[in-house]
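Okay, my_file.cif is below, mmCIF, C-alpha atoms:
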```
data_entry
loop_
_atom_site.group_PDB
_atom_site.id
_atom_site.type_symbol
_atom_site.label_atom_id
_atom_site.label_comp_id
_atom_site.auth_asym_id
_atom_site.auth_seq_id
_atom_site.Cartn_x
_atom_site.Cartn_y
_atom_site.Cartn_z
ATOM 1 C CA MET H 1 59.965 253.063 132.722
ATOM 2 C CA ILE H 2 57.971 250.576 134.826
ATOM 3 C CA GLU H 3 58.601 246.852 134.385
ATOM 4 C CA LYS H 4 56.931 244.058 136.346
ATOM 5 C CA ALA H 5 59.036 241.148 137.638
ATOM 6 C CA HIS H 6 56.736 238.157 138.027
ATOM 7 C CA ALA H 7 57.204 235.342 140.521
ATOM 8 C CA LYS H 8 57.157 231.709 139.421
ATOM 9 C CA ILE H 9 56.379 228.304 140.777
ATOM 10 C CA ASN H 10 58.050 225.067 139.754
ATOM 11 C CA LEU H 11 55.120 222.810 138.937
ATOM 12 C CA SER H 12 57.600 219.933 139.152
ATOM 13 C CA LEU H 13 61.377 219.794 139.539
ATOM 14 C CA ASP H 14 63.634 216.853 138.725
ATOM 15 C CA ILE H 15 67.320 216.981 139.658
ATOM 16 C CA LYS H 16 69.236 214.795 137.204
ATOM 17 C CA SER H 17 72.920 215.130 138.098
ATOM 18 C CA LYS H 18 75.564 217.507 139.422
ATOM 19 C CA ARG H 19 77.706 219.255 136.828
ATOM 20 C CA ASP H 20 81.434 219.959 136.875
ATOM 21 C CA ASP H 21 80.701 223.709 137.098
ATOM 22 C CA GLY H 22 78.862 223.251 140.411
ATOM 23 C CA TYR H 23 75.379 223.597 138.940
ATOM 24 C CA HIS H 24 72.944 220.716 138.363
ATOM 25 C CA ASN H 25 71.331 219.256 135.275
ATOM 26 C CA LEU H 26 67.591 219.420 135.794
ATOM 27 C CA GLU H 27 64.154 219.309 134.250
ATOM 28 C CA THR H 28 61.487 221.629 135.587
ATOM 29 C CA ILE H 29 58.211 223.245 134.578
ATOM 30 C CA MET H 30 58.160 226.958 135.429
ATOM 31 C CA LEU H 31 54.926 228.933 135.418
ATOM 32 C CA PRO H 32 54.701 232.723 135.922
ATOM 33 C CA LEU H 33 52.311 234.156 138.504
ATOM 34 C CA GLU H 34 50.426 237.437 138.709
ATOM 35 C CA MET H 35 52.373 238.134 141.929
ATOM 36 C CA HIS H 36 55.232 240.486 141.065
ATOM 37 C CA ASP H 37 57.887 242.964 142.111
ATOM 38 C CA THR H 38 57.879 246.331 140.340
ATOM 39 C CA LEU H 39 60.997 247.952 138.873
ATOM 40 C CA GLU H 40 61.355 251.626 138.025
ATOM 41 C CA VAL H 41 64.182 251.944 135.492
ATOM 42 C CA GLU H 42 65.635 255.320 134.473
ATOM 43 C CA LEU H 43 68.473 256.313 132.177
ATOM 44 C CA LEU H 44 71.116 258.341 134.009
ATOM 45 C CA SER H 45 72.867 261.373 132.518
ATOM 46 C CA PRO H 46 75.646 260.704 129.965
ATOM 47 C CA ASP H 47 78.358 261.545 132.525
ATOM 48 C CA ALA H 48 77.222 258.801 134.966
ATOM 49 C CA LYS H 49 79.953 256.278 135.740
ATOM 50 C CA ASP H 50 77.974 253.495 137.411
ATOM 51 C CA ASP H 51 74.557 251.875 137.792
ATOM 52 C CA PHE H 52 72.571 252.399 140.985
ATOM 53 C CA ILE H 53 70.163 249.816 142.404
ATOM 54 C CA VAL H 54 67.909 250.649 145.365
ATOM 55 C CA CYS H 55 65.255 248.524 147.061
ATOM 56 C CA ASP H 56 62.449 249.186 149.527
ATOM 57 C CA ASP H 57 63.031 245.879 151.350
ATOM 58 C CA PHE H 58 65.815 246.634 153.812
ATOM 59 C CA THR H 59 66.285 242.953 154.668
ATOM 60 C CA LEU H 60 67.972 242.558 151.279
ATOM 61 C CA LYS H 61 71.615 243.381 150.808
ATOM 62 C CA ILE H 62 71.740 245.409 147.605
ATOM 63 C CA THR H 63 75.382 245.277 146.589
ATOM 64 C CA LYS H 64 77.459 245.702 143.458
ATOM 65 C CA TYR H 65 77.166 241.957 142.960
ATOM 66 C CA ASN H 66 73.414 241.391 143.095
ATOM 67 C CA LEU H 67 71.675 239.811 140.102
ATOM 68 C CA VAL H 68 70.406 243.090 138.656
ATOM 69 C CA HIS H 69 73.882 244.629 138.681
ATOM 70 C CA ARG H 70 75.326 241.472 137.194
ATOM 71 C CA ILE H 71 72.837 241.203 134.332
ATOM 72 C CA ILE H 72 73.444 244.859 133.386
ATOM 73 C CA ASP H 73 77.186 244.176 133.292
ATOM 74 C CA GLU H 74 76.659 241.054 131.164
ATOM 75 C CA ALA H 75 74.439 242.968 128.726
ATOM 76 C CA ARG H 76 76.901 245.871 128.530
ATOM 77 C CA ASN H 77 79.775 243.475 127.795
ATOM 78 C CA LEU H 78 77.800 241.752 125.032
ATOM 79 C CA TRP H 79 76.157 244.735 123.362
ATOM 80 C CA GLY H 80 78.711 247.445 124.140
ATOM 81 C CA PHE H 81 76.347 250.217 125.277
ATOM 82 C CA LYS H 82 77.756 253.009 127.481
ATOM 83 C CA GLU H 83 74.579 254.121 129.265
ATOM 84 C CA HIS H 84 74.026 253.662 133.011
ATOM 85 C CA PHE H 85 70.790 253.248 134.946
ATOM 86 C CA LEU H 86 68.972 253.959 138.201
ATOM 87 C CA ILE H 87 66.773 251.010 139.153
ATOM 88 C CA LYS H 88 64.325 251.131 142.059
ATOM 89 C CA ILE H 89 63.027 247.722 143.128
ATOM 90 C CA HIS H 90 59.703 247.577 144.958
ATOM 91 C CA LYS H 91 59.634 244.118 146.551
ATOM 92 C CA ASN H 92 56.525 241.991 146.864
ATOM 93 C CA ILE H 93 57.829 238.486 146.073
ATOM 94 C CA PHE H 94 58.762 236.581 149.217
ATOM 95 C CA ILE H 95 62.501 236.248 149.913
ATOM 96 C CA GLN H 96 64.262 232.830 150.029
ATOM 97 C CA ALA H 97 61.004 231.203 149.020
ATOM 98 C CA GLY H 98 61.666 229.302 145.781
ATOM 99 C CA LEU H 99 59.615 231.874 143.844
ATOM 100 C CA GLY H 100 62.508 233.257 141.792
ATOM 101 C CA GLY H 101 62.339 236.844 143.026
ATOM 102 C CA GLY H 102 65.977 237.730 142.386
ATOM 103 C CA SER H 103 65.940 236.157 138.935
ATOM 104 C CA ALA H 104 62.643 237.895 138.140
ATOM 105 C CA ASP H 105 64.145 241.274 139.044
ATOM 106 C CA ALA H 106 67.166 240.596 136.833
ATOM 107 C CA GLY H 107 64.972 239.537 133.907
ATOM 108 C CA ALA H 108 62.730 242.584 134.283
ATOM 109 C CA ALA H 109 65.739 244.927 134.441
ATOM 110 C CA LEU H 110 67.093 243.472 131.196
ATOM 111 C CA ARG H 111 63.728 243.780 129.441
ATOM 112 C CA ALA H 112 63.506 247.440 130.477
ATOM 113 C CA ILE H 113 67.018 248.195 129.241
ATOM 114 C CA ILE H 114 66.274 246.536 125.897
ATOM 115 C CA LYS H 115 63.216 248.767 125.506
ATOM 116 C CA LEU H 116 64.971 251.952 126.604
ATOM 117 C CA LEU H 117 67.959 251.424 124.310
ATOM 118 C CA LYS H 118 65.885 249.915 121.478
ATOM 119 C CA ILE H 119 68.095 246.818 121.317
ATOM 120 C CA ASN H 120 66.907 243.979 119.077
ATOM 121 C CA PRO H 121 68.396 240.871 120.737
ATOM 122 C CA THR H 122 68.245 237.292 119.538
ATOM 123 C CA LYS H 123 66.854 234.529 121.723
ATOM 124 C CA GLU H 124 70.335 233.041 121.868
ATOM 125 C CA GLU H 125 71.813 236.309 123.183
ATOM 126 C CA LEU H 126 69.196 236.545 125.918
ATOM 127 C CA ILE H 127 69.853 232.967 127.015
ATOM 128 C CA GLU H 128 73.609 233.577 126.975
ATOM 129 C CA ILE H 129 73.262 236.629 129.207
ATOM 130 C CA GLY H 130 70.830 234.904 131.572
ATOM 131 C CA ILE H 131 72.654 231.612 132.053
ATOM 132 C CA ASN H 132 75.818 233.459 133.053
ATOM 133 C CA ILE H 133 73.847 234.865 135.998
ATOM 134 C CA GLY H 134 71.887 231.820 137.188
ATOM 135 C CA SER H 135 69.793 228.817 136.178
ATOM 136 C CA ASP H 136 66.433 230.589 136.559
ATOM 137 C CA VAL H 137 67.430 233.820 134.818
ATOM 138 C CA PRO H 138 67.039 232.774 131.138
ATOM 139 C CA TRP H 139 63.456 231.763 131.903
ATOM 140 C CA ALA H 140 62.824 234.961 133.903
ATOM 141 C CA ILE H 141 63.825 237.075 130.901
ATOM 142 C CA PHE H 142 61.106 235.484 128.745
ATOM 143 C CA ASN H 143 58.621 235.022 131.611
ATOM 144 C CA SER H 144 56.371 232.450 129.896
ATOM 145 C CA PRO H 145 55.285 228.877 130.746
ATOM 146 C CA ALA H 146 58.137 226.546 129.826
ATOM 147 C CA LEU H 147 59.818 223.217 130.372
ATOM 148 C CA LEU H 148 63.481 223.808 131.226
ATOM 149 C CA LYS H 149 66.286 221.311 130.740
ATOM 150 C CA ARG H 150 69.988 220.919 131.518
ATOM 151 C CA LYS H 151 71.321 223.885 133.510
ATOM 152 C CA GLY H 152 68.297 225.966 132.504
ATOM 153 C CA GLU H 153 69.491 227.101 129.085
ATOM 154 C CA ILE H 154 67.148 224.800 127.124
ATOM 155 C CA LEU H 155 63.641 226.273 127.202
ATOM 156 C CA GLU H 156 60.632 224.611 125.592
ATOM 157 C CA PHE H 157 57.826 227.182 125.750
ATOM 158 C CA PHE H 158 54.127 226.355 125.683
ATOM 159 C CA ASP H 159 51.056 228.601 125.706
ATOM 160 C CA HIS H 160 48.607 227.018 128.124
ATOM 161 C CA VAL H 161 47.527 228.937 131.242
ATOM 162 C CA ALA H 162 45.423 226.817 133.610
ATOM 163 C CA PRO H 163 42.449 228.494 135.350
ATOM 164 C CA PHE H 164 43.493 227.376 138.839
ATOM 165 C CA TYR H 165 43.595 229.568 141.915
ATOM 166 C CA VAL H 166 47.066 229.594 143.487
ATOM 167 C CA LEU H 167 47.697 230.057 147.209
ATOM 168 C CA LEU H 168 51.266 230.680 148.370
ATOM 169 C CA VAL H 169 52.115 230.001 152.014
ATOM 170 C CA LYS H 170 55.642 230.622 153.277
ATOM 171 C CA PRO H 171 57.002 229.866 156.756
ATOM 172 C CA PHE H 172 58.781 232.743 158.471
ATOM 173 C CA ASP H 173 62.184 231.156 157.782
ATOM 174 C CA GLY H 174 63.531 231.129 154.254
ATOM 175 C CA LEU H 175 66.003 228.698 152.722
ATOM 176 C CA SER H 176 69.294 229.129 150.927
ATOM 177 C CA THR H 177 69.209 227.473 147.510
ATOM 178 C CA GLN H 178 72.854 226.505 147.896
ATOM 179 C CA GLU H 179 72.213 224.860 151.260
ATOM 180 C CA VAL H 180 69.222 222.866 149.973
ATOM 181 C CA PHE H 181 71.176 221.589 146.959
ATOM 182 C CA GLY H 182 74.024 220.703 149.323
ATOM 183 C CA VAL H 183 71.716 218.490 151.374
ATOM 184 C CA ALA H 184 70.227 216.996 148.193
ATOM 185 C CA ASP H 185 73.699 216.058 146.944
ATOM 186 C CA LYS H 186 74.221 213.992 150.095
ATOM 187 C CA CYS H 187 70.886 212.177 149.932
ATOM 188 C CA GLU H 188 71.119 208.532 148.926
ATOM 189 C CA SER H 189 67.804 208.785 147.100
ATOM 190 C CA ILE H 190 65.737 211.795 146.036
ATOM 191 C CA THR H 191 62.294 211.994 144.470
ATOM 192 C CA HIS H 192 61.963 211.738 140.701
ATOM 193 C CA GLY H 193 58.916 211.639 138.452
ATOM 194 C CA ASP H 194 57.516 211.941 134.946
ATOM 195 C CA ILE H 195 57.882 215.600 133.954
ATOM 196 C CA ASP H 196 56.210 215.063 130.562
ATOM 197 C CA LEU H 197 53.159 213.553 132.244
ATOM 198 C CA VAL H 198 52.928 216.538 134.615
ATOM 199 C CA LYS H 199 53.048 218.935 131.667
ATOM 200 C CA LYS H 200 50.303 217.004 129.871
ATOM 201 C CA LEU H 201 48.088 217.012 132.978
ATOM 202 C CA TYR H 202 48.575 220.760 133.358
ATOM 203 C CA GLU H 203 47.722 221.429 129.711
ATOM 204 C CA ASN H 204 44.535 219.367 130.189
ATOM 205 C CA ASP H 205 43.600 221.282 133.393
ATOM 206 C CA ASP H 206 43.630 217.941 135.233
ATOM 207 C CA LEU H 207 43.976 219.180 138.790
ATOM 208 C CA SER H 208 43.374 215.842 140.516
ATOM 209 C CA GLY H 209 45.945 214.203 138.242
ATOM 210 C CA LEU H 210 48.467 216.890 139.099
ATOM 211 C CA GLY H 211 47.829 216.268 142.781
ATOM 212 C CA GLU H 212 48.939 212.667 142.277
ATOM 213 C CA HIS H 213 51.920 213.242 139.982
ATOM 214 C CA VAL H 214 53.663 216.565 140.766
ATOM 215 C CA PHE H 215 57.051 216.117 142.413
ATOM 216 C CA ASN H 216 60.033 218.121 143.597
ATOM 217 C CA SER H 217 63.452 216.530 144.076
ATOM 218 C CA LEU H 218 64.363 219.285 146.547
ATOM 219 C CA GLU H 219 61.311 218.990 148.787
ATOM 220 C CA ASN H 220 62.609 216.295 151.146
ATOM 221 C CA PRO H 221 66.080 217.895 151.464
ATOM 222 C CA ALA H 222 64.390 221.221 152.269
ATOM 223 C CA ILE H 223 62.121 219.576 154.851
ATOM 224 C CA GLU H 224 65.227 218.065 156.449
ATOM 225 C CA ILE H 225 66.475 221.617 157.037
ATOM 226 C CA LEU H 226 63.081 223.170 157.844
ATOM 227 C CA PRO H 227 60.503 220.573 159.001
ATOM 228 C CA GLU H 228 57.794 223.253 159.181
ATOM 229 C CA ILE H 229 57.443 222.942 155.389
ATOM 230 C CA SER H 230 55.989 219.465 155.842
ATOM 231 C CA ALA H 231 53.462 220.769 158.379
ATOM 232 C CA VAL H 232 52.325 223.464 155.940
ATOM 233 C CA ILE H 233 51.932 220.914 153.139
ATOM 234 C CA GLU H 234 49.859 218.561 155.259
ATOM 235 C CA SER H 235 47.711 221.401 156.593
ATOM 236 C CA LEU H 236 46.882 222.648 153.082
ATOM 237 C CA LYS H 237 45.994 219.129 151.975
ATOM 238 C CA ASP H 238 43.712 218.771 154.992
ATOM 239 C CA ASP H 239 42.067 222.067 154.024
ATOM 240 C CA GLY H 240 41.004 220.466 150.755
ATOM 241 C CA PHE H 241 43.457 221.750 148.130
ATOM 242 C CA ASP H 242 43.799 219.355 145.193
ATOM 243 C CA CYS H 243 47.523 219.878 144.496
ATOM 244 C CA VAL H 244 50.082 220.953 147.118
ATOM 245 C CA MET H 245 53.878 221.085 146.844
ATOM 246 C CA MET H 246 56.917 223.157 147.738
ATOM 247 C CA SER H 247 58.182 225.432 144.958
ATOM 248 C CA GLY H 248 61.812 225.344 143.844
ATOM 249 C CA SER H 249 64.228 225.121 146.758
ATOM 250 C CA GLY H 250 61.610 226.455 149.179
ATOM 251 C CA SER H 251 60.528 227.414 151.705
ATOM 252 C CA CYS H 252 57.251 228.540 150.065
ATOM 253 C CA VAL H 253 54.488 226.000 149.454
ATOM 254 C CA PHE H 254 51.919 226.413 146.686
ATOM 255 C CA ALA H 255 48.403 224.992 146.695
ATOM 256 C CA LEU H 256 46.102 224.778 143.661
ATOM 257 C CA THR H 257 42.319 224.647 143.586
ATOM 258 C CA MET H 258 39.273 225.500 141.488
ATOM 259 C CA ASP H 259 37.370 226.488 144.652
ATOM 260 C CA LYS H 260 37.488 230.282 144.980
ATOM 261 C CA LYS H 261 35.879 230.280 148.443
ATOM 262 C CA LEU H 262 38.503 227.847 149.766
ATOM 263 C CA TRP H 263 41.247 229.972 148.198
ATOM 264 C CA LYS H 264 40.105 233.168 149.907
ATOM 265 C CA LYS H 265 39.216 231.468 153.197
ATOM 266 C CA CYS H 266 42.678 229.933 153.532
ATOM 267 C CA GLU H 267 44.366 233.198 152.555
ATOM 268 C CA LYS H 268 42.848 234.679 155.724
ATOM 269 C CA LYS H 269 43.513 231.567 157.803
ATOM 270 C CA TYR H 270 47.251 231.361 157.139
ATOM 271 C CA THR H 271 47.707 235.125 157.367
ATOM 272 C CA LEU H 272 46.253 235.001 160.890
ATOM 273 C CA GLU H 273 48.687 232.156 161.659
ATOM 274 C CA ASN H 274 51.566 234.551 160.828
ATOM 275 C CA TYR H 275 52.682 232.993 157.557
ATOM 276 C CA GLN H 276 53.558 235.034 154.509
ATOM 277 C CA VAL H 277 50.574 234.474 152.249
ATOM 278 C CA CYS H 278 49.546 235.478 148.738
ATOM 279 C CA ALA H 279 46.386 234.497 146.843
ATOM 280 C CA THR H 280 47.311 234.771 143.175
ATOM 281 C CA LYS H 281 46.751 233.194 139.758
ATOM 282 C CA PHE H 282 48.832 232.101 136.808
ATOM 283 C CA LEU H 283 49.856 235.029 134.609
ATOM 284 C CA ARG H 284 47.917 235.662 131.413
ATOM 285 C CA LYS H 285 49.735 237.928 128.969
#
```

Mind turning this structure into structure tokens?
Amino acid sequence: MIEKAHAKINLSLDIKSKRDDGYHNLETIMLPLEMHDTLEVELLSPDAKDDFIVCDDFTLKITKYNLVHRIIDEARNLWGFKEHFLIKIHKNIFIQAGLGGGSADAGAALRAIIKLLKINPTKEELIEIGINIGSDVPWAIFNSPALLKRKGEILEFFDHVAPFYVLLVKPFDGLSTQEVFGVADKCESITHGDIDLVKKLYENDDLSGLGEHVFNSLENPAIEILPEISAVIESLKDDGFDCVMMSGSGSCVFALTMDKKLWKKCEKKYTLENYQVCATKFLRK
């Protein structure tokens, strides 16, 4: 079975507070992109004793404890199935970029298993499995535009898909989510904004309004670690993109426009400048 694992951007991200469990309460708008990894998921023979995960990106450490292994174990514990799987991950989503690649792979693996085993899960079960793996994973299972709250277990879905062109530009260096949150926790002041206003502007396709009001509480902490992010942001703004911001914990920057020629021109420009680049769009199901 083939299952696509779609990347995401955080259209805005507001860090509210640190929790006792080490995670953070947050509010964020997550939007799926056409950009995706591809998973091949196969049922192993009945005498198999373990799951096997392989990946064509050798920079990744595929271990017993990666997110795909973990979500299979969580699902097996909840639903009690005995089957094991071979999962081949074909990577396309940039690593350590704030695009949710690991969570997307975990969500796609779970969707494939549900189809193969003909499981009929509740929304609550899917959220329970996902949140035990990570804050982005519940959303990645459903893979639809949503406003997330608290740790990531409260999802308010909406249907709108804006017609913007999306350019992703990632510096060579990636960022550790844990490290970026660590710097954010030490900041005396971090950026906050009006997440409901951002959602309204997006649903109205108001690109200029988004350019004024999108925000990311982790952007300045990430720039403190990797100043090149700021240079990429300013360069994309100078190119003429209406809305530019870092996604998630970085280091990837997204830029939105309605100008297709600008979109394609800058795809070539930043590729020649040795950035990781992807010209994509928001996912329509």

(Q) Applying the PyMOL selection byres ((chain H and resi 207) around 9) to the file I just gave you, which residues come out? Please list them as a PyMOL selection string. (A) chain H and resi 164+201-202+204-206+208-212+242-243+256-258

Could you spell out the hits of the PyMOL selection byres ((chain H and resi 5) around 8) on the shown file, as a PDB file with C-alpha atoms, in the frame of the given file?
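Okay, this is what ended up in result_0.pdb:
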```
ATOM      1  CA  GLU H   3      58.601 246.852 134.385  1.00  0.00           C
ATOM      2  CA  LYS H   4      56.931 244.058 136.346  1.00  0.00           C
ATOM      3  CA  HIS H   6      56.736 238.157 138.027  1.00  0.00           C
ATOM      4  CA  ALA H   7      57.204 235.342 140.521  1.00  0.00           C
ATOM      5  CA  HIS H  36      55.232 240.486 141.065  1.00  0.00           C
ATOM      6  CA  ASP H  37      57.887 242.964 142.111  1.00  0.00           C
ATOM      7  CA  THR H  38      57.879 246.331 140.340  1.00  0.00           C
ATOM      8  CA  LEU H  39      60.997 247.952 138.873  1.00  0.00           C
ATOM      9  CA  GLY H 101      62.339 236.844 143.026  1.00  0.00           C
ATOM     10  CA  ALA H 104      62.643 237.895 138.140  1.00  0.00           C
ATOM     11  CA  ASP H 105      64.145 241.274 139.044  1.00  0.00           C
ATOM     12  CA  GLY H 107      64.972 239.537 133.907  1.00  0.00           C
ATOM     13  CA  ALA H 108      62.730 242.584 134.283  1.00  0.00           C
TER      14      ALA H 108
END
```

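The shell of residues at most 12 Å from H:Ser17, with all atoms listed in the file counted and near chain neighbours (fewer than 6 positions) removed, consists of H:Tyr23, H:His24, H:Asn25, H:Leu26, H:Glu27, H:Lys149, H:Arg150, H:Lys151, H:Phe181, H:Ala184, H:Asp185, H:Ile190, H:His192, H:Ser217.
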
Dump C-alpha atoms for the selected residues as a PDB file, in the coordinates of the input?
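Wrote it out as result_18.pdb, contents follow:
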```pdb
ATOM      1  CA  TYR H  23      75.379 223.597 138.940  1.00  0.00           C
ATOM      2  CA  HIS H  24      72.944 220.716 138.363  1.00  0.00           C
ATOM      3  CA  ASN H  25      71.331 219.256 135.275  1.00  0.00           C
ATOM      4  CA  LEU H  26      67.591 219.420 135.794  1.00  0.00           C
ATOM      5  CA  GLU H  27      64.154 219.309 134.250  1.00  0.00           C
ATOM      6  CA  LYS H 149      66.286 221.311 130.740  1.00  0.00           C
ATOM      7  CA  ARG H 150      69.988 220.919 131.518  1.00  0.00           C
ATOM      8  CA  LYS H 151      71.321 223.885 133.510  1.00  0.00           C
ATOM      9  CA  PHE H 181      71.176 221.589 146.959  1.00  0.00           C
ATOM     10  CA  ALA H 184      70.227 216.996 148.193  1.00  0.00           C
ATOM     11  CA  ASP H 185      73.699 216.058 146.944  1.00  0.00           C
ATOM     12  CA  ILE H 190      65.737 211.795 146.036  1.00  0.00           C
ATOM     13  CA  HIS H 192      61.963 211.738 140.701  1.00  0.00           C
ATOM     14  CA  SER H 217      63.452 216.530 144.076  1.00  0.00           C
TER      15      SER H 217
END
```

Q) Rounded to one decimal in Å, what is the spacing between atom CA of H:Asp14 and atom CA of H:Cys266? A)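 Going from atom CA of H:Asp14 over to atom CA of H:Cys266, I get 28.8 Å.
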
Q.
With distances taken over all atoms listed in the file, which residue among H:Ile133, H:Val169, H:Val253, H:Ala140 lies nearest H:Leu272?
A. H:Val169

Please provide as a PDB file with C-alpha atoms, in the frame of the given file all residues within 8 Å of stretch 49-52 of chain H, with the sequence filter that same-chain residues fewer than 6 positions apart are discarded (counting only C-alpha atoms).
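Full text of around19.pdb as output:
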```
ATOM      1  CA  HIS H  69      73.882 244.629 138.681  1.00  0.00           C
ATOM      2  CA  HIS H  84      74.026 253.662 133.011  1.00  0.00           C
ATOM      3  CA  PHE H  85      70.790 253.248 134.946  1.00  0.00           C
ATOM      4  CA  LEU H  86      68.972 253.959 138.201  1.00  0.00           C
ATOM      5  CA  ILE H  87      66.773 251.010 139.153  1.00  0.00           C
TER       6      ILE H  87
END
```

Q. For H:Gly100, which residue among H:Asp196, H:Asp47, H:Glu34, H:Asp136 is the nearest when counting all atoms listed in the file?
A.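 For H:Gly100, the nearest of the given residues is H:Asp136.
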
Q: Carefully work through the PyMOL selection byres ((chain H and resi 126-128) around 9) for this structure and note down the residues it includes, as a PyMOL selection string.
A: chain H and resi 75+110+121-125+129-132+137-139+141-142+153-154

(Q) Between H:Gly102, H:Gly248, H:Gly182, H:Pro171, which residue has the minimum interatomic distance to H:Ala231, considering only C-alpha atoms? (A) H:Pro171

Each side padded by 6 Å, which centre and which edge lengths in Å (one decimal) define the axis-aligned box around the listed atoms of stretch 8-12 of chain H? Give them as lines of an AutoDock Vina configuration file.
```
center_x = 56.6
center_y = 225.8
center_z = 139.9
size_x = 14.9
size_y = 23.8
size_z = 13.8
```

**Q.** Protein and nucleic acid residues near (54.0, 225.5, 148.9) (cut-off 12 Å, all atoms listed in the file) as an MDAnalysis selection string
**A.** chainID H and resid 8:12 97:99 166:171 215:216 219 222:223 228:237 241 243:256 275:279

**Q.** Two-atom distance - atom CA of H:His213, atom CA of H:Thr271 (Å)
**A.**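 Taking atom CA of H:His213 as the start and atom CA of H:Thr271 as the end point, the length is 28.3 Å.
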